[in-house]
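Enquirer: Sending over final16.txt (compact mmCIF, C-alpha atoms).
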```
# COMPACT_ATOMS: atom_id res chain seq x y z
CA MET A 25 -24.81 68.61 19.50
CA VAL A 26 -22.51 67.97 16.53
CA ALA A 27 -18.76 67.45 16.94
CA THR A 28 -16.62 68.98 14.19
CA PRO A 29 -12.92 68.58 13.31
CA ILE A 30 -10.31 70.05 15.66
CA GLY A 31 -7.87 70.56 12.79
CA ASN A 32 -7.87 67.93 10.10
CA LEU A 33 -11.07 68.46 8.11
CA ALA A 34 -11.12 64.78 7.10
CA ASP A 35 -12.04 63.92 10.69
CA ILE A 36 -15.67 64.94 10.30
CA THR A 37 -17.97 61.93 10.59
CA LEU A 38 -20.55 60.76 8.07
CA ARG A 39 -23.26 61.08 10.71
CA ALA A 40 -22.21 64.67 11.42
CA LEU A 41 -22.52 65.56 7.73
CA ASP A 42 -25.90 63.81 7.45
CA THR A 43 -27.14 65.73 10.50
CA LEU A 44 -25.88 69.12 9.32
CA ARG A 45 -27.51 68.57 5.92
CA ALA A 46 -30.81 67.58 7.53
CA VAL A 47 -31.29 70.41 10.05
CA ASP A 48 -32.84 73.79 9.35
CA VAL A 49 -30.50 75.87 11.50
CA VAL A 50 -26.85 75.49 12.54
CA LEU A 51 -25.78 77.42 15.63
CA ALA A 52 -22.08 78.29 15.57
CA GLU A 53 -19.62 80.00 17.89
CA ASP A 54 -18.04 81.76 14.90
CA THR A 55 -20.26 81.76 11.81
CA ARG A 56 -17.33 82.58 9.53
CA THR A 57 -15.34 79.51 10.61
CA THR A 58 -18.35 77.21 10.49
CA GLY A 59 -19.51 78.75 7.20
CA GLN A 60 -16.32 77.54 5.53
CA LEU A 61 -16.88 74.01 6.85
CA LEU A 62 -20.51 73.93 5.73
CA SER A 63 -19.69 75.35 2.30
CA GLN A 64 -17.00 72.72 1.74
CA HIS A 65 -19.53 69.95 2.35
CA GLY A 66 -22.48 71.49 0.57
CA VAL A 67 -24.52 72.21 3.71
CA ARG A 68 -27.16 74.89 3.13
CA ALA A 69 -28.72 75.26 6.58
CA ARG A 70 -29.19 78.77 8.01
CA LEU A 71 -26.31 79.88 10.19
CA LYS A 72 -26.88 81.70 13.48
CA ALA A 73 -24.38 82.75 16.15
CA LEU A 74 -24.33 81.26 19.63
CA HIS A 75 -21.39 82.25 21.83
CA GLU A 76 -20.66 82.96 25.48
CA HIS A 77 -22.02 86.51 25.26
CA ASN A 78 -25.43 85.69 23.77
CA GLU A 79 -26.07 82.11 24.90
CA ALA A 80 -28.82 82.99 27.37
CA SER A 81 -30.86 85.01 24.85
CA ALA A 82 -30.11 82.63 21.97
CA ALA A 83 -31.38 79.69 24.03
CA SER A 84 -34.87 81.20 24.18
CA ALA A 85 -34.84 81.78 20.42
CA VAL A 86 -33.78 78.16 19.84
CA VAL A 87 -36.71 76.89 21.91
CA GLU A 88 -39.06 78.95 19.73
CA MET A 89 -37.48 77.42 16.60
CA LEU A 90 -38.04 73.94 18.00
CA ARG A 91 -41.64 74.76 18.87
CA ALA A 92 -42.12 75.88 15.27
CA GLY A 93 -41.01 72.42 14.11
CA GLU A 94 -37.49 73.31 13.02
CA GLN A 95 -34.48 71.10 13.71
CA VAL A 96 -31.38 72.76 15.12
CA ALA A 97 -27.73 71.69 15.38
CA LEU A 98 -25.08 73.26 17.60
CA VAL A 99 -21.38 73.18 16.66
CA SER A 100 -18.33 74.85 18.19
CA ASP A 101 -15.36 76.19 16.25
CA ALA A 102 -13.62 72.85 16.77
CA GLY A 103 -14.34 69.63 18.62
CA THR A 104 -17.35 68.72 20.72
CA PRO A 105 -19.75 71.52 21.76
CA ALA A 106 -20.16 72.46 25.43
CA ILE A 107 -16.71 71.14 26.44
CA SER A 108 -14.81 74.33 27.32
CA ASP A 109 -17.07 75.95 24.74
CA PRO A 110 -20.59 77.43 24.87
CA GLY A 111 -23.56 75.08 24.83
CA ALA A 112 -24.23 73.77 28.34
CA ARG A 113 -26.80 76.46 29.18
CA LEU A 114 -28.52 75.89 25.84
CA VAL A 115 -28.74 72.15 26.53
CA ARG A 116 -30.36 72.74 29.93
CA HIS A 117 -32.81 75.28 28.51
CA VAL A 118 -33.85 73.05 25.61
CA ARG A 119 -34.27 69.99 27.81
CA GLU A 120 -36.31 71.94 30.39
CA ALA A 121 -38.59 73.01 27.53
CA GLY A 122 -39.29 69.35 26.82
CA PHE A 123 -37.21 68.79 23.69
CA ALA A 124 -34.64 66.04 23.09
CA VAL A 125 -30.94 66.82 22.94
CA VAL A 126 -28.99 64.32 20.82
CA PRO A 127 -25.19 63.94 20.82
CA ILE A 128 -23.47 63.39 17.47
CA PRO A 129 -20.01 62.31 18.71
CA GLY A 130 -16.74 62.91 16.97
CA PRO A 131 -13.45 64.79 17.40
CA SER A 132 -12.42 65.94 20.88
CA ALA A 133 -9.04 67.40 21.81
CA LEU A 134 -9.52 66.07 25.34
CA ALA A 135 -10.07 62.47 24.18
CA ALA A 136 -7.33 62.69 21.55
CA ALA A 137 -4.69 63.82 24.05
CA LEU A 138 -5.72 61.26 26.67
CA SER A 139 -5.53 58.45 24.12
CA VAL A 140 -1.79 59.05 23.55
CA SER A 141 -0.88 59.95 27.14
CA GLY A 142 -0.61 56.45 28.60
CA THR A 143 -2.83 57.60 31.47
CA GLU A 144 -5.05 54.95 33.05
CA GLY A 145 -8.13 55.26 35.20
CA ALA A 146 -9.86 58.38 36.42
CA PHE A 147 -8.93 61.95 35.53
CA ALA A 148 -10.19 65.48 36.06
CA PHE A 149 -10.74 67.88 33.19
CA LEU A 150 -10.02 71.47 34.26
CA GLY A 151 -10.65 73.17 30.92
CA PHE A 152 -8.89 76.55 30.73
CA LEU A 153 -7.31 77.74 33.97
CA PRO A 154 -7.64 81.41 35.02
CA ALA A 155 -5.58 83.80 32.91
CA LYS A 156 -3.86 85.55 35.84
CA SER A 157 -1.12 83.68 37.69
CA GLY A 158 -2.47 84.33 41.20
CA ALA A 159 -5.90 82.94 40.39
CA ARG A 160 -4.33 80.10 38.39
CA VAL A 161 -2.12 79.06 41.31
CA ALA A 162 -5.08 79.24 43.70
CA GLU A 163 -7.09 76.95 41.41
CA LEU A 164 -4.19 74.49 41.12
CA GLU A 165 -3.82 74.41 44.91
CA ARG A 166 -7.33 72.93 45.03
CA TRP A 167 -6.11 70.04 42.86
CA ARG A 168 -2.71 69.49 44.47
CA ASP A 169 -3.74 66.30 46.28
CA PHE A 170 -6.11 64.97 43.63
CA PRO A 171 -4.90 61.35 43.21
CA HIS A 172 -5.51 61.07 39.44
CA ALA A 173 -4.42 62.73 36.20
CA LEU A 174 -5.30 66.34 35.40
CA VAL A 175 -6.17 67.49 31.87
CA LEU A 176 -6.38 71.11 30.80
CA TYR A 177 -6.45 73.32 27.73
CA GLU A 178 -4.15 76.28 27.25
CA ALA A 179 -3.58 79.09 24.78
CA PRO A 180 -0.14 79.67 23.21
CA HIS A 181 0.49 83.04 24.88
CA ARG A 182 0.01 81.52 28.37
CA VAL A 183 1.40 78.02 28.04
CA ARG A 184 4.87 78.73 29.46
CA GLU A 185 3.45 80.55 32.49
CA THR A 186 0.95 77.77 33.09
CA LEU A 187 3.62 75.06 32.89
CA ALA A 188 5.75 76.99 35.39
CA ASP A 189 2.79 77.26 37.79
CA LEU A 190 1.99 73.57 37.36
CA ALA A 191 5.57 72.65 38.28
CA ARG A 192 5.59 74.99 41.29
CA VAL A 193 2.27 73.79 42.71
CA LEU A 194 2.13 70.11 41.72
CA GLY A 195 5.86 69.27 41.85
CA VAL A 196 8.63 69.20 39.29
CA GLU A 197 8.79 65.40 39.21
CA ARG A 198 5.28 64.78 37.85
CA GLU A 199 5.10 64.00 34.14
CA VAL A 200 3.23 66.18 31.68
CA LEU A 201 2.17 65.32 28.15
CA ILE A 202 2.21 68.42 25.95
CA ALA A 203 -0.07 67.93 22.94
CA ARG A 204 0.17 70.82 20.48
CA GLU A 205 -1.87 71.42 17.33
CA LEU A 206 -3.58 68.02 17.50
CA THR A 207 -4.53 66.56 14.08
CA LYS A 208 -3.02 69.56 12.27
CA LEU A 209 0.01 69.74 9.99
CA PHE A 210 2.44 70.67 12.75
CA GLU A 211 1.04 68.37 15.45
CA GLN A 212 3.55 67.74 18.22
CA ILE A 213 3.32 65.45 21.24
CA HIS A 214 6.01 65.54 23.91
CA ALA A 215 6.21 64.02 27.39
CA CYS A 216 8.62 65.19 30.09
CA ALA A 217 8.84 66.08 33.78
CA LEU A 218 6.97 69.23 34.75
CA GLY A 219 10.26 70.70 35.90
CA GLU A 220 11.59 70.45 32.32
CA ALA A 221 8.45 71.50 30.44
CA GLU A 222 8.81 75.30 30.37
CA ALA A 223 12.41 75.03 29.17
CA TRP A 224 11.36 72.60 26.42
CA ILE A 225 8.78 75.09 25.14
CA ALA A 226 11.27 77.97 25.34
CA ALA A 227 13.94 76.07 23.39
CA ASP A 228 12.07 76.50 20.08
CA ALA A 229 9.77 79.41 19.22
CA ASN A 230 7.61 77.08 17.09
CA ARG A 231 6.72 75.06 20.17
CA GLU A 232 4.88 78.05 21.60
CA ARG A 233 2.40 78.21 18.72
CA GLY A 234 -1.02 76.65 18.38
CA GLU A 235 -3.54 75.28 20.84
CA PHE A 236 -2.42 73.02 23.70
CA VAL A 237 -3.78 70.13 25.71
CA LEU A 238 -1.74 69.34 28.83
CA VAL A 239 -2.10 65.98 30.59
CA VAL A 240 -0.42 65.88 34.00
CA SER A 241 0.24 62.41 35.38
CA PRO A 242 -1.14 61.35 38.78
CA PRO A 243 1.03 62.11 41.82
CA ALA A 244 3.14 59.35 43.25
CA ALA A 245 1.27 57.14 45.71
CA PRO A 246 1.83 58.08 49.38
CA ARG A 247 3.90 54.95 49.89
CA GLU A 248 6.13 55.82 46.93
CA ARG A 249 6.53 59.42 48.15
CA GLU A 250 7.53 58.19 51.59
CA ALA A 251 10.11 55.82 50.11
CA ALA A 252 11.59 58.50 47.87
CA GLU A 253 11.79 61.04 50.67
CA GLY A 254 13.18 58.41 53.03
CA GLU A 255 16.02 57.62 50.65
CA ARG A 256 16.77 61.30 50.13
CA VAL A 257 17.06 61.92 53.88
CA LEU A 258 18.94 58.66 54.36
CA SER A 259 21.63 59.57 51.84
CA ILE A 260 22.23 62.85 53.68
CA LEU A 261 22.42 61.22 57.12
CA LEU A 262 24.82 58.50 55.95
CA GLU A 263 27.45 61.14 55.39
CA ALA A 264 27.42 61.92 59.13
CA VAL A 265 26.21 58.93 61.17
CA PRO A 266 26.44 55.10 61.11
CA VAL A 267 24.07 52.98 59.02
CA LYS A 268 21.77 51.84 61.81
CA GLN A 269 21.36 55.31 63.25
CA ALA A 270 20.84 56.84 59.82
CA ALA A 271 18.03 54.37 59.02
CA LYS A 272 16.36 54.98 62.38
CA LEU A 273 16.50 58.76 62.03
CA ALA A 274 15.33 58.73 58.40
CA ALA A 275 12.35 56.55 59.34
CA ALA A 276 11.42 58.90 62.19
CA ILE A 277 11.70 61.98 59.97
CA THR A 278 9.86 60.70 56.88
CA GLY A 279 7.60 57.87 58.05
CA ALA A 280 9.25 55.40 55.66
CA ARG A 281 9.84 51.84 56.86
CA LYS A 282 12.96 51.46 59.00
CA ASN A 283 13.80 47.93 57.81
CA GLU A 284 13.66 48.97 54.16
CA LEU A 285 15.75 52.05 54.89
CA TYR A 286 18.33 49.95 56.73
CA ALA A 287 18.67 47.57 53.77
CA ARG A 288 18.97 50.52 51.41
CA ALA A 289 21.51 52.16 53.72
CA LEU A 290 23.72 49.08 53.49
CA GLU A 291 23.58 49.28 49.70
CA LEU A 292 24.38 52.98 49.74
CA ARG A 293 27.19 52.49 52.25
CA LYS A 294 28.77 49.94 49.93
CA GLY A 295 28.53 52.52 47.17
CA PHE A 296 30.16 55.13 49.38
CA ASN A 297 32.95 52.71 50.27
CA ALA A 298 33.52 51.87 46.61
CA GLU A 299 33.72 55.56 45.75
CA ASP A 300 36.19 56.12 48.60
CA ALA A 301 38.35 53.29 47.29
CA GLU A 302 38.28 54.73 43.76
CA ASP A 303 39.22 58.16 45.09
CA ALA A 304 42.11 56.70 47.06
CA GLU A 305 43.33 54.76 44.00
CA GLY A 306 43.09 57.92 41.95
CA ARG A 307 45.15 59.85 44.47
CA ARG A 308 47.84 57.13 44.46
CA GLU A 309 48.02 57.15 40.65
CA GLY A 310 48.22 60.94 40.67
CA SER A 311 51.13 60.89 43.11
```
Will you turn the file into structure tokens for me?

Expert:
Amino acid sequence: MVATPIGNLADITLRALDTLRAVDVVLAEDTRTTGQLLSQHGVRARLKALHEHNEASAASAVVEMLRAGEQVALVSDAGTPAISDPGARLVRHVREAGFAVVPIPGPSALAAALSVSGTEGAFAFLGFLPAKSGARVAELERWRDFPHALVLYEAPHRVRETLADLARVLGVEREVLIARELTKLFEQIHACALGEAEAWIAADANRERGEFVLVVSPPAAPREREAAEGERVLSILLEAVPVKQAAKLAAAITGARKNELYARALELRKGFNAEDAEDAEGRREGS
């Protein structure tokens, strides 16, 4: 399993080149794309196609090659095979036949995007979401309460729709890292709130080109969500009822802590009073 560059051809590893030069057969998702890579590095192995439509039949042929003593490498068009690309069924078939499967690590769009996202801890990799919005939203609903980051791939012609669905299902306040054309000439990395992401893409036609990795930050912790919602409700109630009553009602409505809401209400009330004083001063100066 040989990882190949995701854009910048200089990213291929020495071990990958040594492996490709040593094997008898290279299986490729697109033999034309891989043929250019092999030609550039003087690799003369036989090229055979393995893609999502022929993986099951190709797997049996690969086992026969291995039984005949040949060595075989699998590559995808870009990055690490079997990650949102064909290869997983081949791996299982080869291993069940008693042969070793060896990873030759290297470029990965998933790892590259995560490394610049600032995300810590666990995450879930969703690959490509369904192409149709209804199915995409249904899939995202399954991940709404997942407490860690979400990482997904997206194609240029669907990225705006996907960002809109992400904002609608997961919440406009969550941050998303948009990584476009990683390692290529026009690489672009931008972080913003999900609620701003679709507009950012739409603001420049060039931003809608290329391949995308989207890293959505974890949701706010339950305690943080309670506090934020408590303050939102509190600020509304303070316009109609006294501080103590507003804090009590906001705590009952949102589950946030009453003592913390009361302290915050006093701060907000001071702000309201200061604004009232400024308004009154303004009216006097205007008269």

Enquirer: I'd like the interatomic distance between atom CA of Ile225 of chain A and atom CA of Thr207 of chain A, to a tenth of an Å.

Expert: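 Separating atom CA of Ile225 of chain A from atom CA of Thr207 of chain A is a distance of 19.3 Å.
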
Enquirer: Point out the residue among A:Val50, A:Leu134, A:Ile260, A:Ala173 with the least atom-to-atom distance to Ala148 of chain A, counting all atoms listed in the file.

Expert: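 Answer, going by the shortest atom-to-atom distance: A:Ala173.
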
Enquirer: Interatomic distance between atom CA of Leu98 of chain A and atom CA of Val26 of chain A?

Expert: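 Rounded to one decimal, the two atoms are 6.0 Å apart.
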
Enquirer: Mind checking which residues fall within 9 Å of segment 160-166 of chain A, counting all atoms listed in the file, ignoring those fewer than 6 positions away in the same chain, and posting them as a PyMOL selection string?

Expert: chain A and resi 153-154+186+189-190+192-194

Enquirer: If you measure from atom CA of Gly254 of chain A to atom CA of Phe170 of chain A, what distance in Å do you get, rounded to one decimal?

Expert: 22.4 Å
